[in-house]
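The file my_file-v1.txt comes next; it holds compact mmCIF, C-alpha atoms and all ligand atoms.
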# COMPACT_ATOMS: atom_id res chain seq x y z
CA MET A 1 -13.66 -11.16 -23.92
CA GLN A 2 -10.81 -13.44 -22.93
CA THR A 3 -7.02 -13.44 -23.32
CA ASP A 4 -3.84 -14.59 -21.61
CA VAL A 5 -2.76 -11.31 -19.97
CA ILE A 6 -4.72 -8.19 -19.07
CA ILE A 7 -2.78 -5.09 -18.10
CA ILE A 8 -4.67 -2.48 -16.09
CA GLY A 9 -3.39 1.02 -16.92
CA GLY A 10 -2.15 2.60 -20.13
CA GLY A 11 0.75 4.62 -18.80
CA LEU A 12 4.31 4.01 -19.97
CA HIS A 13 4.63 0.98 -17.69
CA GLY A 14 1.43 -0.59 -19.00
CA CYS A 15 2.48 0.09 -22.60
CA SER A 16 6.02 -1.18 -22.05
CA THR A 17 4.77 -4.35 -20.33
CA ALA A 18 2.34 -4.93 -23.22
CA LEU A 19 5.12 -4.43 -25.77
CA HIS A 20 7.54 -6.82 -24.09
CA LEU A 21 4.85 -9.45 -23.43
CA ALA A 22 3.75 -9.28 -27.07
CA GLN A 23 7.39 -9.77 -28.11
CA ARG A 24 7.38 -12.98 -26.05
CA GLY A 25 4.27 -14.35 -27.78
CA PHE A 26 1.50 -13.23 -25.40
CA LYS A 27 -1.69 -11.51 -26.60
CA PRO A 28 -1.97 -8.73 -24.00
CA ILE A 29 -4.95 -6.45 -23.61
CA VAL A 30 -4.42 -3.05 -21.98
CA LEU A 31 -7.40 -1.45 -20.24
CA GLU A 32 -7.17 2.29 -19.66
CA LYS A 33 -9.89 4.27 -17.89
CA ASN A 34 -8.98 7.53 -19.68
CA ILE A 35 -6.72 7.67 -22.70
CA VAL A 36 -3.24 6.22 -22.99
CA GLY A 37 -0.70 8.61 -21.43
CA ARG A 38 -3.36 10.82 -19.82
CA HIS A 39 -1.73 10.66 -16.39
CA ALA A 40 1.86 10.67 -15.04
CA SER A 41 3.40 9.10 -18.13
CA GLY A 42 2.11 11.76 -20.48
CA VAL A 43 2.54 14.87 -18.34
CA ASN A 44 5.89 14.34 -16.60
CA ALA A 45 9.12 16.30 -17.00
CA GLY A 46 10.65 13.78 -19.39
CA GLY A 47 13.87 13.43 -17.39
CA VAL A 48 15.91 10.37 -18.40
CA ARG A 49 18.16 10.25 -15.39
CA GLN A 50 20.57 7.91 -13.66
CA LEU A 51 21.80 10.73 -11.38
CA MET A 52 21.11 10.54 -7.64
CA ARG A 53 18.98 7.39 -7.73
CA ASP A 54 18.61 5.00 -4.85
CA ALA A 55 21.34 2.37 -5.15
CA ALA A 56 18.70 -0.35 -5.46
CA GLU A 57 17.43 1.19 -8.70
CA ILE A 58 20.79 1.76 -10.36
CA PRO A 59 21.16 -1.60 -12.17
CA LEU A 60 17.68 -1.11 -13.65
CA SER A 61 18.39 2.51 -14.51
CA ILE A 62 21.63 1.61 -16.34
CA ALA A 63 19.84 -1.16 -18.25
CA ALA A 64 17.02 1.27 -19.06
CA MET A 65 19.55 3.75 -20.42
CA ASP A 66 20.96 1.05 -22.71
CA ILE A 67 17.45 0.68 -24.17
CA TRP A 68 16.89 4.46 -24.37
CA GLU A 69 20.09 4.74 -26.40
CA ASN A 70 18.88 2.00 -28.76
CA LEU A 71 15.20 2.86 -28.96
CA ASP A 72 15.23 2.20 -32.70
CA LYS A 73 15.92 -1.50 -31.99
CA LEU A 74 12.88 -1.75 -29.70
CA LEU A 75 10.47 0.60 -31.49
CA GLY A 76 11.78 0.81 -35.03
CA PRO A 77 13.46 3.98 -36.32
CA GLN A 78 10.30 5.98 -37.04
CA LEU A 79 8.64 5.49 -33.65
CA ALA A 80 11.99 5.95 -31.89
CA GLU A 81 12.36 9.34 -33.56
CA THR A 82 9.01 10.50 -32.20
CA CYS A 83 10.23 10.03 -28.59
CA GLU A 84 12.49 13.09 -29.07
CA PHE A 85 15.12 11.53 -26.81
CA ILE A 86 17.94 14.00 -26.31
CA ARG A 87 20.87 11.88 -25.20
CA ARG A 88 24.00 12.56 -23.18
CA VAL A 89 23.41 16.23 -22.43
CA GLY A 90 23.85 15.23 -18.79
CA GLN A 91 21.94 15.93 -15.64
CA VAL A 92 23.62 18.18 -13.09
CA GLY A 93 22.77 18.38 -9.39
CA VAL A 94 23.62 21.88 -8.21
CA ALA A 95 24.81 22.60 -4.65
CA ALA A 96 24.06 25.96 -3.04
CA SER A 97 25.47 25.34 0.45
CA ALA A 98 28.46 23.71 2.11
CA SER A 99 26.25 20.92 3.40
CA GLU A 100 24.88 20.19 -0.08
CA LEU A 101 28.42 20.15 -1.46
CA ALA A 102 29.50 17.78 1.30
CA TRP A 103 26.54 15.55 0.43
CA CYS A 104 27.69 15.47 -3.24
CA GLU A 105 31.20 14.44 -2.13
CA GLN A 106 29.83 11.68 0.08
CA ARG A 107 27.45 10.52 -2.64
CA THR A 108 30.17 10.21 -5.31
CA ALA A 109 32.39 8.36 -2.81
CA ASP A 110 29.52 6.00 -1.91
CA MET A 111 28.80 5.33 -5.58
CA LYS A 112 32.48 4.59 -6.28
CA ALA A 113 32.53 2.19 -3.34
CA LEU A 114 29.59 0.39 -4.96
CA GLY A 115 31.54 0.20 -8.24
CA TYR A 116 29.69 2.97 -10.11
CA ASP A 117 31.62 5.80 -11.72
CA PHE A 118 28.86 7.56 -13.68
CA GLU A 119 28.41 10.30 -11.06
CA GLU A 120 31.23 12.84 -10.97
CA MET A 121 31.93 15.59 -8.45
CA LEU A 122 32.04 19.13 -9.85
CA ASP A 123 33.69 22.17 -8.28
CA ALA A 124 32.36 25.70 -8.86
CA LYS A 125 34.35 26.05 -12.09
CA GLY A 126 33.35 22.62 -13.36
CA VAL A 127 29.66 23.19 -12.80
CA ARG A 128 29.83 26.51 -14.67
CA GLN A 129 31.56 24.90 -17.64
CA LEU A 130 28.48 22.73 -18.02
CA VAL A 131 25.93 25.37 -17.00
CA PRO A 132 27.39 28.84 -17.69
CA SER A 133 24.16 30.64 -16.84
CA LEU A 134 24.18 29.60 -13.15
CA SER A 135 24.27 32.39 -10.54
CA ASP A 136 26.94 32.69 -7.83
CA ILE A 137 24.62 30.86 -5.44
CA CYS A 138 25.90 27.60 -6.93
CA ILE A 139 29.22 26.43 -5.47
CA GLY A 140 29.59 23.03 -7.12
CA GLY A 141 27.65 19.88 -7.76
CA ILE A 142 27.47 16.44 -9.25
CA VAL A 143 26.93 15.27 -12.83
CA SER A 144 25.82 12.15 -14.67
CA ARG A 145 26.90 12.82 -18.24
CA ARG A 146 24.95 9.99 -19.88
CA ASP A 147 21.57 11.42 -18.84
CA GLY A 148 19.12 13.31 -21.04
CA HIS A 149 15.45 13.91 -21.60
CA ALA A 150 12.60 12.89 -23.89
CA ASN A 151 9.04 13.83 -24.81
CA PRO A 152 6.90 11.89 -22.29
CA PHE A 153 3.55 11.85 -24.11
CA ARG A 154 5.05 10.90 -27.45
CA THR A 155 7.26 8.25 -25.85
CA THR A 156 4.24 6.64 -24.21
CA GLN A 157 2.36 6.73 -27.53
CA ALA A 158 5.37 5.20 -29.31
CA PHE A 159 5.46 2.28 -26.86
CA ARG A 160 1.72 1.80 -27.36
CA ALA A 161 2.07 1.87 -31.14
CA ARG A 162 4.88 -0.71 -31.09
CA ALA A 163 2.91 -2.93 -28.73
CA GLU A 164 -0.05 -2.76 -31.14
CA GLN A 165 2.18 -3.61 -34.09
CA LEU A 166 3.17 -6.76 -32.16
CA GLY A 167 -0.45 -7.73 -31.50
CA ALA A 168 -1.36 -6.07 -28.18
CA ARG A 169 -4.85 -4.56 -27.97
CA PHE A 170 -5.73 -1.35 -26.16
CA TYR A 171 -9.16 -0.37 -24.86
CA GLU A 172 -9.40 3.24 -23.74
CA GLN A 173 -12.25 4.74 -21.67
CA THR A 174 -12.44 1.33 -20.01
CA CYS A 175 -12.29 1.36 -16.23
CA VAL A 176 -11.72 -1.82 -14.23
CA THR A 177 -14.17 -1.73 -11.33
CA ASP A 178 -13.62 -5.16 -9.77
CA VAL A 179 -11.36 -8.20 -10.05
CA ALA A 180 -12.22 -11.69 -8.82
CA ALA A 181 -10.67 -15.14 -9.13
CA THR A 182 -12.86 -17.68 -10.90
CA GLY A 183 -11.14 -21.08 -10.94
CA SER A 184 -7.72 -20.59 -12.51
CA LYS A 185 -8.73 -17.36 -14.26
CA TRP A 186 -9.23 -13.75 -13.32
CA GLN A 187 -12.56 -12.12 -14.06
CA LEU A 188 -12.52 -8.35 -14.45
CA ASP A 189 -15.63 -6.18 -14.26
CA THR A 190 -15.12 -3.18 -16.50
CA THR A 191 -17.18 -0.34 -17.88
CA ARG A 192 -16.98 -2.26 -21.19
CA GLY A 193 -18.34 -5.49 -19.66
CA GLN A 194 -16.66 -8.56 -18.19
CA MET A 195 -13.27 -9.79 -19.34
CA ARG A 196 -11.22 -12.85 -18.36
CA ALA A 197 -7.50 -13.53 -18.31
CA ASP A 198 -4.99 -16.02 -16.91
CA ILE A 199 -2.70 -13.27 -15.67
CA VAL A 200 -3.33 -9.65 -14.57
CA VAL A 201 -0.69 -6.91 -14.36
CA ASN A 202 -1.60 -3.90 -12.23
CA CYS A 203 0.00 -0.83 -13.84
CA GLY A 204 -2.61 1.51 -12.35
CA GLY A 205 -0.28 4.33 -11.25
CA ALA A 206 -1.80 6.49 -8.49
CA TRP A 207 -4.90 4.23 -8.45
CA ALA A 208 -3.00 0.94 -8.30
CA TRP A 209 -3.52 0.47 -4.55
CA ARG A 210 -7.28 0.44 -5.23
CA ILE A 211 -6.79 -2.34 -7.79
CA ALA A 212 -4.69 -4.25 -5.22
CA GLU A 213 -7.52 -3.92 -2.70
CA MET A 214 -9.89 -5.55 -5.22
CA ILE A 215 -7.93 -8.79 -4.59
CA GLY A 216 -7.58 -8.17 -0.85
CA GLU A 217 -4.03 -6.81 -0.86
CA GLN A 218 -3.22 -3.64 1.04
CA LEU A 219 -0.37 -1.66 -0.50
CA PRO A 220 0.70 1.98 0.12
CA ARG A 221 -2.06 4.43 -0.74
CA THR A 222 0.04 7.57 -1.01
CA HIS A 223 -0.34 9.61 -4.15
CA LEU A 224 0.88 13.12 -4.86
CA ALA A 225 0.16 15.83 -7.40
CA LEU A 226 3.61 16.77 -8.71
CA THR A 227 3.70 20.14 -10.46
CA LEU A 228 5.45 21.53 -13.49
CA MET A 229 5.41 24.88 -15.25
CA VAL A 230 6.67 25.98 -18.62
CA THR A 231 7.98 29.33 -19.85
CA SER A 232 7.58 31.06 -23.17
CA ARG A 233 10.37 30.44 -25.69
CA ILE A 234 13.64 32.10 -24.80
CA GLN A 235 17.08 32.14 -26.43
CA HIS A 236 19.06 28.94 -25.94
CA PHE A 237 20.99 29.05 -22.63
CA LEU A 238 20.99 25.48 -21.26
CA ASP A 239 21.94 22.00 -22.47
CA PRO A 240 21.94 19.72 -19.41
CA VAL A 241 18.99 19.09 -17.13
CA VAL A 242 19.60 20.85 -13.79
CA ILE A 243 18.23 19.56 -10.50
CA GLY A 244 18.52 20.79 -6.92
CA ILE A 245 20.19 18.90 -4.10
CA ASP A 246 18.06 20.13 -1.18
CA ARG A 247 16.25 22.90 -3.07
CA LYS A 248 13.09 22.01 -5.01
CA LEU A 249 14.52 22.60 -8.47
CA SER A 250 14.44 20.76 -11.76
CA LEU A 251 14.64 22.44 -15.12
CA LYS A 252 15.49 21.80 -18.71
CA GLN A 253 15.30 23.81 -21.91
CA THR A 254 13.49 22.09 -24.74
CA GLN A 255 14.54 22.10 -28.37
CA VAL A 256 12.06 24.90 -29.14
CA GLY A 257 13.38 27.15 -26.35
CA THR A 258 10.72 26.74 -23.66
CA VAL A 259 11.94 25.89 -20.15
CA VAL A 260 10.16 23.14 -18.20
CA ILE A 261 10.42 23.72 -14.44
CA GLY A 262 9.59 21.24 -11.68
CA GLY A 263 11.30 19.82 -8.64
CA GLY A 264 8.72 18.39 -6.30
CA VAL A 265 6.45 21.35 -5.53
CA LEU A 266 3.06 19.82 -4.77
CA GLY A 267 -0.38 20.62 -6.13
CA ASP A 268 -3.68 19.31 -4.78
CA PRO A 269 -4.74 15.86 -6.04
CA ASP A 270 -8.27 14.54 -6.48
CA LEU A 271 -7.97 10.83 -7.11
CA ASP A 272 -11.70 10.23 -7.59
CA ALA A 273 -12.02 12.91 -10.25
CA GLY A 274 -8.59 12.11 -11.68
CA THR A 275 -7.68 15.78 -11.62
CA THR A 276 -5.13 18.06 -9.98
CA LEU A 277 -4.89 21.73 -9.09
CA THR A 278 -1.70 23.75 -8.99
CA VAL A 279 -1.53 26.27 -6.14
CA ALA A 280 -0.26 29.70 -7.16
CA ASP A 281 1.57 30.47 -3.89
CA ARG A 282 3.52 27.22 -4.09
CA MET A 283 4.40 27.80 -7.75
CA VAL A 284 5.74 31.22 -6.76
CA GLU A 285 8.12 29.49 -4.35
CA SER A 286 9.30 27.31 -7.23
CA ALA A 287 9.78 30.34 -9.49
CA GLN A 288 11.80 32.08 -6.75
CA THR A 289 14.17 29.10 -6.58
CA VAL A 290 14.62 29.25 -10.34
CA TRP A 291 15.37 32.99 -10.16
CA ASP A 292 17.99 32.33 -7.45
CA PHE A 293 19.85 29.87 -9.68
CA PHE A 294 19.15 31.33 -13.15
CA PRO A 295 18.99 35.15 -13.36
CA VAL A 296 18.39 34.79 -17.14
CA LEU A 297 14.94 33.41 -16.33
CA ARG A 298 13.83 36.63 -14.64
CA GLN A 299 12.88 37.77 -18.15
CA ALA A 300 10.82 34.67 -18.89
CA THR A 301 7.03 34.41 -18.77
CA ILE A 302 5.30 31.38 -17.28
CA VAL A 303 2.72 30.32 -19.85
CA ARG A 304 1.25 27.24 -18.17
CA THR A 305 1.32 25.22 -14.96
CA TRP A 306 0.02 21.69 -14.44
CA ALA A 307 0.33 18.72 -12.12
CA GLY A 308 0.29 14.96 -12.58
CA LEU A 309 -0.90 12.24 -10.23
CA GLU A 310 1.85 9.89 -9.12
CA ALA A 311 1.91 6.91 -6.73
CA VAL A 312 4.55 7.37 -4.04
CA THR A 313 5.77 4.62 -1.70
CA PRO A 314 7.16 5.08 1.83
CA ASP A 315 10.69 4.17 0.69
CA ILE A 316 10.40 5.99 -2.67
CA LEU A 317 11.15 2.74 -4.49
CA PRO A 318 8.67 1.21 -6.91
CA ILE A 319 6.55 -1.85 -6.27
CA ILE A 320 7.43 -4.42 -8.94
CA GLY A 321 6.61 -8.08 -8.52
CA ALA A 322 4.10 -10.80 -7.91
CA SER A 323 1.23 -10.23 -5.53
CA SER A 324 1.84 -11.77 -2.15
CA VAL A 325 -1.81 -12.77 -1.73
CA ALA A 326 -2.77 -14.14 -5.17
CA LYS A 327 -1.26 -16.17 -7.98
CA ASN A 328 -0.79 -14.78 -11.51
CA PHE A 329 -1.32 -11.20 -10.37
CA TRP A 330 1.52 -8.70 -10.72
CA HIS A 331 2.04 -5.17 -9.45
CA VAL A 332 4.05 -2.51 -11.30
CA PHE A 333 3.55 0.93 -9.76
CA GLY A 334 4.72 3.38 -7.09
CA PHE A 335 7.50 4.96 -9.12
CA SER A 336 7.56 7.93 -6.74
CA GLY A 337 8.42 10.64 -9.24
CA HIS A 338 11.13 8.89 -11.24
CA GLY A 339 9.52 6.05 -13.21
CA PHE A 340 9.65 7.50 -16.71
CA GLN A 341 13.31 6.63 -17.23
CA LEU A 342 12.71 3.08 -15.93
CA GLY A 343 9.77 2.41 -18.28
CA PRO A 344 11.64 0.59 -21.06
CA ILE A 345 13.37 -1.92 -18.74
CA VAL A 346 10.68 -2.62 -16.15
CA GLY A 347 8.25 -3.94 -18.79
CA SER A 348 11.00 -6.24 -20.04
CA LEU A 349 11.88 -7.61 -16.59
CA VAL A 350 8.25 -8.17 -15.62
CA SER A 351 7.65 -9.95 -18.93
CA ASP A 352 10.67 -12.19 -18.25
CA MET A 353 9.30 -13.02 -14.81
CA ILE A 354 5.85 -13.83 -16.21
CA THR A 355 7.34 -15.94 -19.01
CA ASP A 356 10.18 -17.78 -17.25
CA GLY A 357 9.89 -17.03 -13.54
CA LYS A 358 13.28 -15.28 -13.64
CA SER A 359 14.67 -12.05 -15.05
CA ALA A 360 18.05 -10.78 -16.19
CA LEU A 361 18.17 -8.29 -13.30
CA SER A 362 16.79 -8.95 -9.86
CA ILE A 363 13.58 -7.16 -8.92
CA ALA A 364 13.61 -8.58 -5.37
CA ALA A 365 14.27 -5.14 -3.81
CA PHE A 366 10.94 -3.94 -5.20
CA SER A 367 8.80 -6.82 -4.00
CA PRO A 368 5.25 -5.89 -2.95
CA ASP A 369 5.59 -8.05 0.15
CA ARG A 370 7.73 -5.39 1.84
CA PHE A 371 4.45 -3.51 2.27
CA SER A 372 1.69 -6.05 1.79
CA ASN A 373 -1.08 -5.96 4.31
CA GLY A 374 0.49 -3.49 6.68
CA ALA A 375 4.12 -4.64 6.66
CA VAL A 376 6.47 -1.87 7.81
CA ALA A 377 8.33 0.20 5.22
CA ARG A 378 12.00 -0.67 4.80
CA VAL A 379 13.10 2.98 5.00
CA PRO A 380 11.03 5.91 6.27
CA ILE A 381 10.24 8.40 3.52
CA HIS A 382 12.25 11.29 4.99
CA ALA A 383 15.42 9.23 5.23
CA ALA A 384 15.26 7.68 1.79
CA GLN A 385 18.17 9.15 -0.12
CA HIS A 386 18.49 12.82 -0.78
CA GLU A 387 15.84 12.66 -3.39
CA GLN A 388 12.39 14.14 -3.17
CA PRO A 389 9.47 12.58 -4.96
CA GLY A 390 9.11 14.47 -8.20
CA ALA A 391 12.57 15.95 -8.04
CA ALA A 392 13.31 14.03 -11.20
CA GLY A 393 14.37 16.26 -14.03
C1 LIG A 401 4.86 16.16 -12.85
C2 LIG A 401 5.66 14.90 -12.90
C3 LIG A 401 7.00 14.95 -13.31
C4 LIG A 401 7.76 13.78 -13.40
N1 LIG A 401 9.01 13.85 -13.93
C5 LIG A 401 9.71 12.70 -14.16
C6 LIG A 401 10.97 12.74 -14.79
O1 LIG A 401 11.45 13.79 -15.17
N2 LIG A 401 11.64 11.57 -14.95
C7 LIG A 401 11.14 10.36 -14.54
O2 LIG A 401 11.80 9.34 -14.69
N3 LIG A 401 9.89 10.30 -13.98
C8 LIG A 401 9.18 11.43 -13.79
N4 LIG A 401 7.93 11.38 -13.23
C9 LIG A 401 7.41 10.08 -12.83
C10 LIG A 401 6.81 9.32 -14.00
O3 LIG A 401 5.98 10.14 -14.77
C11 LIG A 401 6.01 8.14 -13.46
O4 LIG A 401 6.80 7.41 -12.52
C12 LIG A 401 5.57 7.18 -14.55
O5 LIG A 401 5.05 7.86 -15.64
C13 LIG A 401 4.54 6.22 -13.98
O6 LIG A 401 3.99 5.48 -15.05
P1 LIG A 401 2.79 4.49 -14.79
O7 LIG A 401 2.53 3.82 -16.05
O8 LIG A 401 3.11 3.69 -13.57
O9 LIG A 401 1.57 5.45 -14.30
P2 LIG A 401 0.55 6.36 -15.13
O10 LIG A 401 1.20 7.01 -16.28
O11 LIG A 401 -0.13 7.24 -14.14
O12 LIG A 401 -0.47 5.31 -15.71
C14 LIG A 401 -1.39 4.63 -14.90
C15 LIG A 401 -2.67 4.52 -15.69
O13 LIG A 401 -3.56 3.59 -15.05
C16 LIG A 401 -4.87 4.01 -15.37
N5 LIG A 401 -5.78 3.35 -14.42
C17 LIG A 401 -5.78 3.46 -13.06
N6 LIG A 401 -6.77 2.73 -12.53
C18 LIG A 401 -7.42 2.15 -13.55
C19 LIG A 401 -8.57 1.29 -13.62
N7 LIG A 401 -9.23 0.90 -12.52
N8 LIG A 401 -8.99 0.88 -14.85
C20 LIG A 401 -8.33 1.27 -15.97
N9 LIG A 401 -7.26 2.10 -15.96
C21 LIG A 401 -6.81 2.53 -14.76
C22 LIG A 401 -4.80 5.51 -15.20
O14 LIG A 401 -5.86 6.18 -15.86
C23 LIG A 401 -3.43 5.83 -15.78
O15 LIG A 401 -3.49 6.26 -17.13
C24 LIG A 401 7.17 12.54 -13.07
C25 LIG A 401 5.84 12.47 -12.65
C26 LIG A 401 5.08 13.64 -12.59
C27 LIG A 401 3.63 13.56 -12.17

Take the structure from the file and write it as structure tokens.
Amino acid sequence: MQTDVIIIGGGLHGCSTALHLAQRGFKPIVLEKNIVGRHASGVNAGGVRQLMRDAAEIPLSIAAMDIWENLDKLLGPQLAETCEFIRRVGQVGVAASASELAWCEQRTADMKALGYDFEEMLDAKGVRQLVPSLSDICIGGIVSRRDGHANPFRTTQAFRARAEQLGARFYEQTCVTDVAATGSKWQLDTTRGQMRADIVVNCGGAWAWRIAEMIGEQLPRTHLALTLMVTSRIQHFLDPVVIGIDRKLSLKQTQVGTVVIGGGVLGDPDLDAGTTLTVADRMVESAQTVWDFFPVLRQATIVRTWAGLEAVTPDILPIIGASSVAKNFWHVFGFSGHGFQLGPIVGSLVSDMITDGKSALSIAAFSPDRFSNGAVARVPIHAAQHEQPGAAG
């Protein structure tokens, strides 16, 4: 089988890249070793969040939000509806200590200095106006009112469906086992046989570093199992998404009344098996944090816990750009717990780069060469923002 572009990985980023490339006249093929949306893109918390992002990501995040708010233009009204995007309920970072509050003040000042006014400081009264059910532990916070949430699995499926309508082809249960350059083409060994393409895009999520190594490029290998849990249905008490500043907290109430709780508590990953385990003791810690902030949830029952495999980089910024060791090979991974919101724009920018060699927004900050073959990380992981991988909500 032969085509112009092969995309490895059927998560949201693979689907979005396929959609945008198909819009530009390419005939992309997406190869997915499981089923589309099986991993991070289908099992995440669905947070669509500009709040508390690294400054380098903000232009992309704002552009992504413009697409989220006009999904019908990209996907058509019916598919857009299936994404269940709940817009402009806001995401609120809640402070439980003087140092967290001081961090919020500094953060809003820093954002203003950069020319962004979408993050607003909240005092204790202001935070309770938005989230009346908060306990006294919360003394203020920060809000991004444009933020919301969506259904991650259905969103990923909607991007796939639109890409297929535009001519992209998807092969599930098809694992790429090797990649080699043959003349000006790439030859991929897969569990479905050999395939050839002019261009390859590596959207392999937690496994993407292994795909990079197939072409001799060493990129960060870190992957984490980020956990979530969900309660039984309870009476409506919450509109915005709430996330912790230093505490591992992220929660939202869905339209049907269940509460999805995350915040960066880790499970145990098994990359070879493609599975994860949640660890009861760690989930208890997460539940305790939720109890501290939301007494109303002491009545709730946890009905399910799960974890998703996510690629995490040392500076918690994604890797988006051309390979630094091979031509016509692109990397799009390492979203470090907050790549769902960026999905709609990253595929567009990468498609622009592949088509024209330039894109509407710069992706230079995310270049693979900041890590390639042992290069030192720009920022050590513990100092990168106030954000924890997976703290997205
Ligand atoms: C629990 C959890 C909560 C999160 N919450 C949020 C949130 O609220 N907001 C937010 O913005 N982000 C959130 N994220 C992050 C977000 O889900 C990810 O950043 C995003 O989905 C990554 O998409 P992806 O397409 O890069 O990866 P994935 O969805 O993991 O897709 C990669 C795909 O590549 C396939 N693949 C790998 N190797 C091969 C191969 N050799 N051959 C064929 N296929 C291969 C895999 O099977 C996989 O399906 C969360 C993540 C997790 C795990």

Query raised in the report: Which is closest to ligand LIG 401 (chain A) among A:Tyr171, A:Trp291, A:Phe366, A:Phe333, if we use all atoms listed in the file?
Result: A:Phe333

Query raised in the report: Which is closer to Thr254 of chain A than all the others in A:Asp136, A:Glu285, A:Asp239, A:Glu32, using only C-alpha atoms?
Result: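 Going through A:Asp136, A:Glu285, A:Asp239, A:Glu32 one by one, the smallest distance to Thr254 of chain A is for A:Asp239.
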
Requested in this report: List all protein, DNA and RNA residues that have an atom no more than 6 Å from any atom of ligand LIG 401 (chain A), counting only C-alpha atoms and all ligand atoms, and report them as a count of residues only.
Outcome: 50

Query raised in the report: Taking into account all atoms listed in the file, which residue in the set A:Val127, A:Ile62, A:Leu134, A:Val279 is nearest to Phe294 of chain A?
Result: A:Leu134

Query raised in the report: Of the residues A:Val260, A:Leu249, A:Ile139, A:Ile234, which is the one nearest to Ala98 of chain A, using all atoms listed in the file?
Result: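 Among the listed residues, the smallest separation from Ala98 of chain A belongs to A:Ile139.
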
Query - Between atom CA of Ile302 of chain A and atom CA of Thr258 of chain A, distance in Å (one decimal) - result: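 The value is 9.6 Å.
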
Query - Selected residue of minimal separation from Leu74 of chain A among A:Ile211, A:Ala163, A:Met229, A:Leu277, counting only C-alpha atoms - result: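 That would be A:Ala163, the residue with the smallest distance to Leu74 of chain A.
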
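Closest approach to Met214 of chain A among A:Asp272, A:Phe329, A:Met283, A:Leu317 is made by A:Phe329 (distances from all atoms listed in the file).
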